[in-house]
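K.L.:
What follows is run-v4.cif; its format and atoms are mmCIF, C-alpha atoms.
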data_model
#
loop_
_atom_site.label_atom_id
_atom_site.label_comp_id
_atom_site.auth_asym_id
_atom_site.auth_seq_id
_atom_site.Cartn_x
_atom_site.Cartn_y
_atom_site.Cartn_z
CA MET A 1 -129.71 200.85 -90.89
CA GLU A 2 -133.08 201.56 -92.49
CA LYS A 3 -136.24 201.01 -90.53
CA LYS A 4 -138.42 198.29 -92.00
CA TYR A 5 -142.18 197.89 -91.97
CA ASN A 6 -143.76 197.45 -88.60
CA ALA A 7 -145.96 194.52 -87.70
CA SER A 8 -149.10 196.65 -87.50
CA LEU A 9 -149.19 196.76 -91.29
CA ASN A 10 -149.43 192.97 -91.34
CA TYR A 11 -146.89 192.59 -94.08
CA SER A 12 -145.92 188.95 -94.27
CA LYS A 13 -143.43 187.99 -96.95
CA GLN A 14 -144.29 184.36 -96.39
CA ARG A 15 -147.98 184.92 -97.00
CA TYR A 16 -147.25 187.16 -100.00
CA LEU A 17 -145.04 184.42 -101.49
CA GLU A 18 -147.71 181.80 -100.86
CA LEU A 19 -150.35 183.86 -102.65
CA LEU A 20 -148.04 184.64 -105.56
CA LYS A 21 -147.14 181.00 -106.06
CA LEU A 22 -150.80 180.06 -106.01
CA LYS A 23 -151.55 182.73 -108.58
CA TYR A 24 -148.78 181.66 -110.95
CA SER A 25 -149.46 177.93 -110.55
CA GLN A 26 -153.10 178.54 -111.49
CA GLU A 27 -154.01 175.58 -109.28
CA LYS A 28 -156.96 177.39 -107.80
CA VAL A 29 -159.24 180.29 -108.47
CA PHE A 30 -158.69 183.10 -105.97
CA SER A 31 -161.53 184.21 -103.76
CA SER A 32 -162.17 187.96 -103.73
CA GLU A 33 -160.53 188.12 -100.27
CA GLU A 34 -157.38 186.40 -101.53
CA GLU A 35 -157.30 188.62 -104.59
CA SER A 36 -157.61 191.69 -102.42
CA GLU A 37 -154.93 190.41 -100.03
CA LEU A 38 -152.48 189.80 -102.88
CA SER A 39 -153.30 193.19 -104.35
CA ASP A 40 -152.47 194.84 -101.01
CA TYR A 41 -149.13 193.03 -100.80
CA SER A 42 -148.33 193.97 -104.39
CA SER A 43 -149.11 197.61 -103.62
CA VAL A 44 -146.64 197.58 -100.75
CA LEU A 45 -143.89 196.13 -102.95
CA ASP A 46 -144.72 198.58 -105.73
CA GLY A 47 -144.53 201.49 -103.31
CA HIS A 48 -141.24 200.28 -101.90
CA LEU A 49 -139.66 200.51 -105.35
CA ASP A 50 -140.55 204.21 -105.41
CA TRP A 51 -138.89 204.57 -102.04
CA GLU A 52 -135.75 202.77 -103.25
CA THR A 53 -135.49 205.13 -106.20
CA ARG A 54 -136.41 208.27 -104.28
CA GLU A 55 -133.08 209.95 -105.08
CA GLN A 56 -133.78 209.81 -108.82
CA TYR A 57 -137.27 211.19 -108.29
CA LEU A 58 -135.97 213.97 -106.05
CA GLN A 59 -133.24 214.91 -108.54
CA LEU A 60 -135.87 215.30 -111.25
CA LEU A 61 -138.04 217.43 -108.98
CA GLU A 62 -135.07 219.65 -108.13
CA LYS A 63 -134.15 220.03 -111.81
CA LEU A 64 -137.67 221.22 -112.58
CA ILE A 65 -137.86 223.59 -109.64
CA ASN A 66 -134.42 225.07 -110.41
CA GLY A 67 -135.41 225.60 -114.04
CA LYS A 68 -132.82 223.17 -115.39
CA ILE A 69 -135.49 221.24 -117.32
CA ASP A 70 -138.84 222.29 -118.73
CA THR A 71 -142.13 220.69 -117.79
CA PHE A 72 -142.23 218.57 -120.97
CA LYS A 73 -138.89 216.94 -120.20
CA PHE A 74 -139.84 216.59 -116.56
CA CYS A 75 -143.08 214.73 -117.34
CA ILE A 76 -141.34 212.44 -119.83
CA GLU A 77 -138.49 211.65 -117.43
CA PHE A 78 -140.74 211.26 -114.41
CA GLU A 79 -143.09 208.88 -116.19
CA LYS A 80 -140.09 206.97 -117.57
CA ARG A 81 -138.63 206.58 -114.08
CA ASN A 82 -142.00 205.35 -112.92
CA GLU A 83 -142.36 202.86 -115.78
CA LEU A 84 -138.91 201.43 -115.05
CA ASN A 85 -140.03 200.74 -111.49
CA GLY A 86 -143.09 199.04 -112.93
CA GLU A 87 -140.86 196.74 -114.98
CA VAL A 88 -138.80 195.92 -111.91
CA PHE A 89 -141.99 195.19 -109.98
CA ASP A 90 -143.24 192.77 -112.65
CA SER A 91 -139.87 191.03 -112.75
CA LEU A 92 -139.66 190.71 -108.96
CA GLU A 93 -143.13 189.18 -108.66
CA ALA A 94 -142.58 186.85 -111.61
CA ASN A 95 -139.41 185.57 -109.98
CA PHE A 96 -140.88 185.49 -106.45
CA LEU A 97 -138.30 188.00 -105.26
CA LEU A 98 -139.92 189.96 -102.46
CA LEU A 99 -138.43 192.89 -100.58
CA SER A 100 -138.93 194.15 -97.06
CA PRO A 101 -140.62 197.51 -97.45
CA HIS A 102 -139.45 200.61 -95.65
CA GLU A 103 -142.00 202.11 -93.26
CA LYS A 104 -142.07 205.37 -95.23
CA SER A 105 -142.51 203.76 -98.63
CA VAL A 106 -146.32 203.79 -98.79
CA LYS A 107 -146.60 207.50 -98.00
CA PHE A 108 -143.71 208.32 -100.32
CA SER A 109 -145.39 206.40 -103.12
CA ASP A 110 -148.56 208.44 -102.53
CA PHE A 111 -146.56 211.58 -103.35
CA ILE A 112 -145.37 209.94 -106.58
CA ILE A 113 -148.98 209.14 -107.51
CA GLU A 114 -149.94 212.75 -106.81
CA ILE A 115 -147.17 213.99 -109.13
CA LEU A 116 -148.14 211.49 -111.82
CA ASP A 117 -151.69 212.82 -111.67
CA PHE A 118 -150.34 216.29 -112.39
CA CYS A 119 -148.15 214.96 -115.22
CA TYR A 120 -150.99 213.07 -116.87
CA SER A 121 -153.27 216.12 -116.66
CA HIS A 122 -150.55 218.47 -117.85
CA SER A 123 -149.32 216.34 -120.78
CA GLU A 124 -152.31 217.29 -122.94
CA ILE A 125 -150.99 220.83 -123.32
CA PHE A 126 -148.04 219.47 -125.29
CA GLU A 127 -150.40 217.91 -127.82
CA SER A 128 -152.76 220.88 -128.20
CA ASP A 129 -152.48 224.15 -130.05
CA ILE A 130 -152.60 226.44 -127.05
CA PRO A 131 -151.86 230.20 -127.22
CA ALA A 132 -148.40 231.02 -125.84
CA GLU A 133 -149.77 233.10 -122.96
CA LYS A 134 -152.02 230.31 -121.76
CA PHE A 135 -149.23 227.78 -122.23
CA ASP A 136 -146.90 229.85 -120.05
CA LEU A 137 -149.59 230.17 -117.40
CA TYR A 138 -150.10 226.40 -117.32
CA GLU A 139 -146.34 225.90 -117.12
CA ALA A 140 -146.09 228.24 -114.14
CA GLU A 141 -149.04 226.61 -112.39
CA PHE A 142 -147.54 223.18 -112.92
CA ARG A 143 -144.15 224.20 -111.50
CA GLY A 144 -145.89 225.79 -108.52
CA SER A 145 -147.92 222.66 -107.80
CA ILE A 146 -144.91 220.40 -108.12
CA GLU A 147 -142.84 222.66 -105.87
CA LYS A 148 -145.53 222.44 -103.17
CA ILE A 149 -145.41 218.63 -103.34
CA TYR A 150 -141.61 218.71 -103.27
CA LEU A 151 -141.71 220.76 -100.05
CA LYS A 152 -144.18 218.29 -98.53
CA ILE A 153 -141.84 215.44 -99.47
CA GLN A 154 -138.85 217.19 -97.90
CA LYS A 155 -140.79 217.72 -94.69
CA PHE A 156 -141.91 214.09 -94.72
CA LEU A 157 -138.36 212.82 -95.25
CA GLU A 158 -137.11 214.87 -92.32
CA GLU A 159 -139.74 213.52 -89.91
CA MET B 1 -164.46 195.80 -116.54
CA ILE B 2 -166.22 199.08 -117.26
CA ARG B 3 -166.83 202.09 -115.06
CA ASP B 4 -168.05 205.66 -115.39
CA ALA B 5 -165.20 207.96 -114.45
CA LYS B 6 -163.76 211.45 -114.75
CA HIS B 7 -160.71 212.54 -116.71
CA TYR B 8 -158.96 215.75 -115.70
CA GLY B 9 -156.87 217.71 -118.15
CA THR B 10 -155.00 220.95 -117.55
CA ASN B 11 -156.62 222.57 -120.57
CA THR B 12 -159.79 220.54 -121.03
CA GLY B 13 -160.78 220.36 -117.36
CA GLU B 14 -163.17 217.68 -116.15
CA THR B 15 -164.51 215.25 -118.76
CA PRO B 16 -167.01 212.48 -118.01
CA VAL B 17 -165.55 209.29 -119.45
CA VAL B 18 -166.12 205.58 -119.75
CA MET B 19 -163.18 203.69 -118.31
CA TYR B 20 -162.35 200.15 -119.39
CA PHE B 21 -159.77 198.39 -117.30
CA ASN B 22 -158.05 195.05 -116.96
CA LYS B 23 -156.75 194.22 -113.49
CA GLU B 24 -154.40 191.53 -114.74
CA THR B 25 -152.59 193.68 -117.29
CA ARG B 26 -153.15 197.02 -115.46
CA GLN B 27 -154.33 198.63 -118.70
CA ILE B 28 -156.87 201.43 -118.75
CA VAL B 29 -158.66 202.72 -121.83
CA VAL B 30 -160.70 205.89 -121.51
CA PHE B 31 -163.34 207.24 -123.90
CA ASN B 32 -165.18 210.54 -123.79
CA GLN B 33 -168.66 209.69 -122.58
CA THR B 34 -170.32 212.22 -124.89
CA SER B 35 -168.32 212.08 -128.11
CA GLY B 36 -166.96 208.55 -127.82
CA ASP B 37 -163.46 209.82 -128.65
CA LEU B 38 -160.52 207.90 -127.29
CA ILE B 39 -158.79 209.99 -124.62
CA THR B 40 -156.09 207.66 -123.40
CA ALA B 41 -155.02 204.01 -123.44
CA GLU B 42 -152.16 203.09 -121.14
CA LYS B 43 -150.64 200.41 -119.00
CA TYR B 44 -150.05 201.84 -115.53
CA ARG B 45 -148.04 200.98 -112.45
CA LYS B 46 -149.79 198.87 -109.85
CA ASN B 47 -150.45 201.70 -107.41
CA TYR B 48 -151.45 204.31 -109.94
CA PHE B 49 -153.78 201.81 -111.61
CA LYS B 50 -155.35 201.00 -108.25
CA LYS B 51 -155.85 204.69 -107.44
CA CYS B 52 -157.54 205.35 -110.80
CA VAL B 53 -159.87 202.36 -110.55
CA GLU B 54 -160.82 203.02 -106.93
CA SER B 55 -161.35 206.77 -107.32
CA CYS B 56 -162.72 206.56 -110.90
CA GLN B 57 -160.49 209.51 -111.71
CA ILE B 58 -157.54 209.98 -114.04
CA GLY B 59 -155.46 213.09 -113.65
CA ASN B 60 -155.49 215.82 -111.07
CA PRO B 61 -158.92 217.27 -110.19
CA GLY B 62 -157.26 220.43 -108.87
CA ASN B 63 -156.35 221.58 -112.35
#
Output the structure of this file as structure tokens.
P.N.:
Amino acid sequence: MEKKYNASLNYSKQRYLELLKLKYSQEKVFSSEEESELSDYSSVLDGHLDWETREQYLQLLEKLINGKIDTFKFCIEFEKRNELNGEVFDSLEANFLLLSPHEKSVKFSDFIIEILDFCYSHSEIFESDIPAEKFDLYEAEFRGSIEKIYLKIQKFLEE
Amino acid sequence: MIRDAKHYGTNTGETPVVMYFNKETRQIVVFNQTSGDLITAEKYRKNYFKKCVESCQIGNPGN
């Protein structure tokens, strides 16, 4: 059985639901505190979706590291996986379907954000006319950076 | 909302940008602060959007 969020993170599904319903009913204007509170709850749910789909993310990372896909395909697939989670998130909130987040989901999601940062930075080399030598160097650097994050993820998952 | 920010590209490095964002739609539009050229316009995931807006950075500064 998976460990769920601990109480110290103050995750209350009931409160989250209450805030969401208020937002969608548009009965009142949120204070900045309420807005921030809802944003925090949403972040937790968003991060949990990354955790739930960690196997797909890990498979993509392994394919890149093992040379089965190039960095272009990796970035496309990784961003696509991420966007799909975004669609699920929107659908869950719109239908008031809230999940109980895993205690490792926030940290895991941070790794996903770190990889996305690399992908967004790296994607410009596919649109530019870069000399082959430089392109290869960027490719190697990207793989190296992603491999380092992958190793950090593996260590984190084993903890 | 508008903010001064930094965009990081593997080839272009650090670029000062003007970042327009909409918290409701999670869209970010980024223009080069010097040339005014559009760099990117995207809808992001909740957490990535939050990270960009809070840090005023898009992309990896380590590149």
K.L.:
If we count only C-alpha atoms, which residues of chain A reach to within 7 Å of chain B? Please list them as a list in words.
P.N.:
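Applying the cut-off to the listed atoms yields Ser43, Asp46, Glu83, Gly86, Ile113, Asp117, Phe118, Tyr120, Ser121, His122, Glu124 and Ile125 of chain A.
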K.L.:
Quick one: pull the distance between CA of Arg15 (chain A) and CA of Glu37 (chain A), Å, one decimal.
P.N.:
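Answer for the CA of Arg15 (chain A) to CA of Glu37 (chain A) separation: 9.4 Å.
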K.L.:
Using all atoms listed in the file - which residues lie no farther than 7 Å from the point (-141.5, 208.1, -105.6) in the file's frame? Write them as JSON, numbers by chain.
P.N.:
{"A": [50, 51, 53, 54, 57, 108, 109, 111, 112]}
K.L.:
Can I get the selection written as a compact mmCIF listing (two decimals), keeping the file's coordinate frame, with C-alpha atoms?
P.N.:
# COMPACT_ATOMS: atom_id res chain seq x y z
CA ASP A 50 -140.55 204.21 -105.41
CA TRP A 51 -138.89 204.57 -102.04
CA THR A 53 -135.49 205.13 -106.20
CA ARG A 54 -136.41 208.27 -104.28
CA TYR A 57 -137.27 211.19 -108.29
CA PHE A 108 -143.71 208.32 -100.32
CA SER A 109 -145.39 206.40 -103.12
CA PHE A 111 -146.56 211.58 -103.35
CA ILE A 112 -145.37 209.94 -106.58
K.L.:
Calculate how many Å separate CA of Tyr11 (chain A) from CA of Glu52 (chain A), rounding to one decimal.
P.N.:
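CA of Glu52 (chain A) lies at a distance of 17.7 Å from CA of Tyr11 (chain A).
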K.L.:
Using only C-alpha atoms, pick whichever of B:Val17, B:Met1, B:Lys6, B:Val53 has the shortest atom-to-atom distance to Gln33 (chain B).
P.N.:
B:Val17
K.L.:
Compile the contact shell of Phe31 (chain B) as a CSV table (one decimal) with C-alpha atoms, keeping the file's coordinate frame: residues with an atom at most 10 Å away, counting all atoms listed in the file, same-chain residues fewer than 5 positions apart removed.
P.N.:
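So the final result, stored in around.csv, reads:
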chain,number,residue,atom,x,y,z
B,4,ASP,CA,-168.0,205.7,-115.4
B,5,ALA,CA,-165.2,208.0,-114.4
B,7,HIS,CA,-160.7,212.5,-116.7
B,15,THR,CA,-164.5,215.2,-118.8
B,16,PRO,CA,-167.0,212.5,-118.0
B,17,VAL,CA,-165.6,209.3,-119.4
B,18,VAL,CA,-166.1,205.6,-119.8
B,19,MET,CA,-163.2,203.7,-118.3
B,20,TYR,CA,-162.4,200.2,-119.4
B,36,GLY,CA,-167.0,208.6,-127.8
B,37,ASP,CA,-163.5,209.8,-128.6
B,38,LEU,CA,-160.5,207.9,-127.3
B,39,ILE,CA,-158.8,210.0,-124.6
B,40,THR,CA,-156.1,207.7,-123.4
B,41,ALA,CA,-155.0,204.0,-123.4
K.L.:
Give me the result of the PyMOL selection byres ((chain A and resi 69-75) around 8) on this file, residue by residue, as number ranges by chain.
P.N.:
A: 60-61, 63-64, 66-68, 76-79, 119, 123, 126, 139, 142-143
K.L.:
Quote the spacing between CA of Gln27 (chain B) and CA of Gly47 (chain A) in Å to one decimal place.
P.N.:
18.5 Å
K.L.:
Apply the PyMOL selection byres ((chain A and resi 149-156) around 8) to the structure shown and report the selected residues as a list in words.
P.N.:
Leu58, Leu61, Phe108, Phe111, Ile115, Ser145, Ile146, Glu147, Lys148, Leu157, Glu158 and Glu159 of chain A
K.L.:
Find the residue from A:Glu27, A:Glu127, A:Glu133, A:Glu93 that sits nearest to Tyr41 (chain A); use all atoms listed in the file when measuring.
P.N.:
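Once distances to Tyr41 (chain A) are computed over all atoms listed in the file, the minimum belongs to A:Glu93.
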K.L.:
For Leu49 (chain A), list every protein, DNA or RNA residue within 10 Å, evaluated using only C-alpha atoms, and leave out those in the same chain fewer than 5 positions away; present the list as a list in words.
P.N.:
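Residues meeting the cut-off are Val44, Arg54, Asn82, Leu84, Asn85, Gly86, Val88, Phe89, Leu99, Pro101, His102, Ser105, Val106 and Ser109 of chain A.
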K.L.:
Region 10-22 of chain B, all listed atoms, 4 Å padding on each side: what axis-aligned box centre and edge lengths in Å to one decimal come out, as AutoDock Vina command-line options?
P.N.:
--center_x -161.0 --center_y 208.8 --center_z -118.6 --size_x 20.0 --size_y 35.5 --size_z 12.9
K.L.:
Which residue gives the smallest distance to Leu45 (chain A) among A:Val29, A:Leu17, A:Ile65, A:Leu22, with all atoms listed in the file counted?
P.N.:
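Residue with the minimum atom-to-atom distance to Leu45 (chain A): A:Leu17.
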K.L.:
Using only C-alpha atoms, which residue out of B:Cys56, B:Glu42, B:Thr25, B:Ser35 lies closest to Arg3 (chain B)?
P.N.:
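Among the listed residues, B:Cys56 lies closest to Arg3 (chain B).
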K.L.:
Can I get region 78-92 of chain A with N, CA and C atoms filled in, as a PDB file, keeping the file's coordinate frame?
P.N.:
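Result went into selection.pdb, see below:
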ATOM      1  N   PHE A  78    -140.086 211.751-115.633  1.00  0.00           N
ATOM      2  CA  PHE A  78    -140.740 211.260-114.410  1.00  0.00           C
ATOM      3  C   PHE A  78    -141.555 209.997-114.706  1.00  0.00           C
ATOM      4  N   GLU A  79    -142.285 210.047-115.809  1.00  0.00           N
ATOM      5  CA  GLU A  79    -143.090 208.880-116.190  1.00  0.00           C
ATOM      6  C   GLU A  79    -142.187 207.700-116.565  1.00  0.00           C
ATOM      7  N   LYS A  80    -141.039 208.020-117.186  1.00  0.00           N
ATOM      8  CA  LYS A  80    -140.090 206.970-117.570  1.00  0.00           C
ATOM      9  C   LYS A  80    -139.515 206.282-116.322  1.00  0.00           C
ATOM     10  N   ARG A  81    -139.153 207.116-115.347  1.00  0.00           N
ATOM     11  CA  ARG A  81    -138.630 206.580-114.080  1.00  0.00           C
ATOM     12  C   ARG A  81    -139.669 205.643-113.440  1.00  0.00           C
ATOM     13  N   ASN A  82    -140.895 206.104-113.499  1.00  0.00           N
ATOM     14  CA  ASN A  82    -142.000 205.350-112.920  1.00  0.00           C
ATOM     15  C   ASN A  82    -142.229 204.030-113.664  1.00  0.00           C
ATOM     16  N   GLU A  83    -142.153 204.074-114.979  1.00  0.00           N
ATOM     17  CA  GLU A  83    -142.360 202.860-115.780  1.00  0.00           C
ATOM     18  C   GLU A  83    -141.251 201.835-115.511  1.00  0.00           C
ATOM     19  N   LEU A  84    -140.032 202.340-115.342  1.00  0.00           N
ATOM     20  CA  LEU A  84    -138.910 201.430-115.050  1.00  0.00           C
ATOM     21  C   LEU A  84    -139.167 200.683-113.749  1.00  0.00           C
ATOM     22  N   ASN A  85    -139.686 201.400-112.770  1.00  0.00           N
ATOM     23  CA  ASN A  85    -140.030 200.740-111.490  1.00  0.00           C
ATOM     24  C   ASN A  85    -141.113 199.695-111.701  1.00  0.00           C
ATOM     25  N   GLY A  86    -142.025 199.992-112.616  1.00  0.00           N
ATOM     26  CA  GLY A  86    -143.090 199.040-112.930  1.00  0.00           C
ATOM     27  C   GLY A  86    -142.512 197.762-113.535  1.00  0.00           C
ATOM     28  N   GLU A  87    -141.502 197.913-114.370  1.00  0.00           N
ATOM     29  CA  GLU A  87    -140.860 196.740-114.980  1.00  0.00           C
ATOM     30  C   GLU A  87    -140.137 195.916-113.919  1.00  0.00           C
ATOM     31  N   VAL A  88    -139.499 196.617-113.000  1.00  0.00           N
ATOM     32  CA  VAL A  88    -138.800 195.920-111.910  1.00  0.00           C
ATOM     33  C   VAL A  88    -139.812 195.155-111.052  1.00  0.00           C
ATOM     34  N   PHE A  89    -140.926 195.812-110.780  1.00  0.00           N
ATOM     35  CA  PHE A  89    -141.990 195.190-109.980  1.00  0.00           C
ATOM     36  C   PHE A  89    -142.461 193.889-110.638  1.00  0.00           C
ATOM     37  N   ASP A  90    -142.758 193.956-111.935  1.00  0.00           N
ATOM     38  CA  ASP A  90    -143.240 192.770-112.650  1.00  0.00           C
ATOM     39  C   ASP A  90    -142.203 191.644-112.591  1.00  0.00           C
ATOM     40  N   SER A  91    -140.950 192.018-112.764  1.00  0.00           N
ATOM     41  CA  SER A  91    -139.870 191.030-112.750  1.00  0.00           C
ATOM     42  C   SER A  91    -139.704 190.398-111.359  1.00  0.00           C
ATOM     43  N   LEU A  92    -139.800 191.225-110.328  1.00  0.00           N
ATOM     44  CA  LEU A  92    -139.660 190.710-108.960  1.00  0.00           C
ATOM     45  C   LEU A  92    -140.775 189.715-108.642  1.00  0.00           C
TER      46      LEU A  92
END
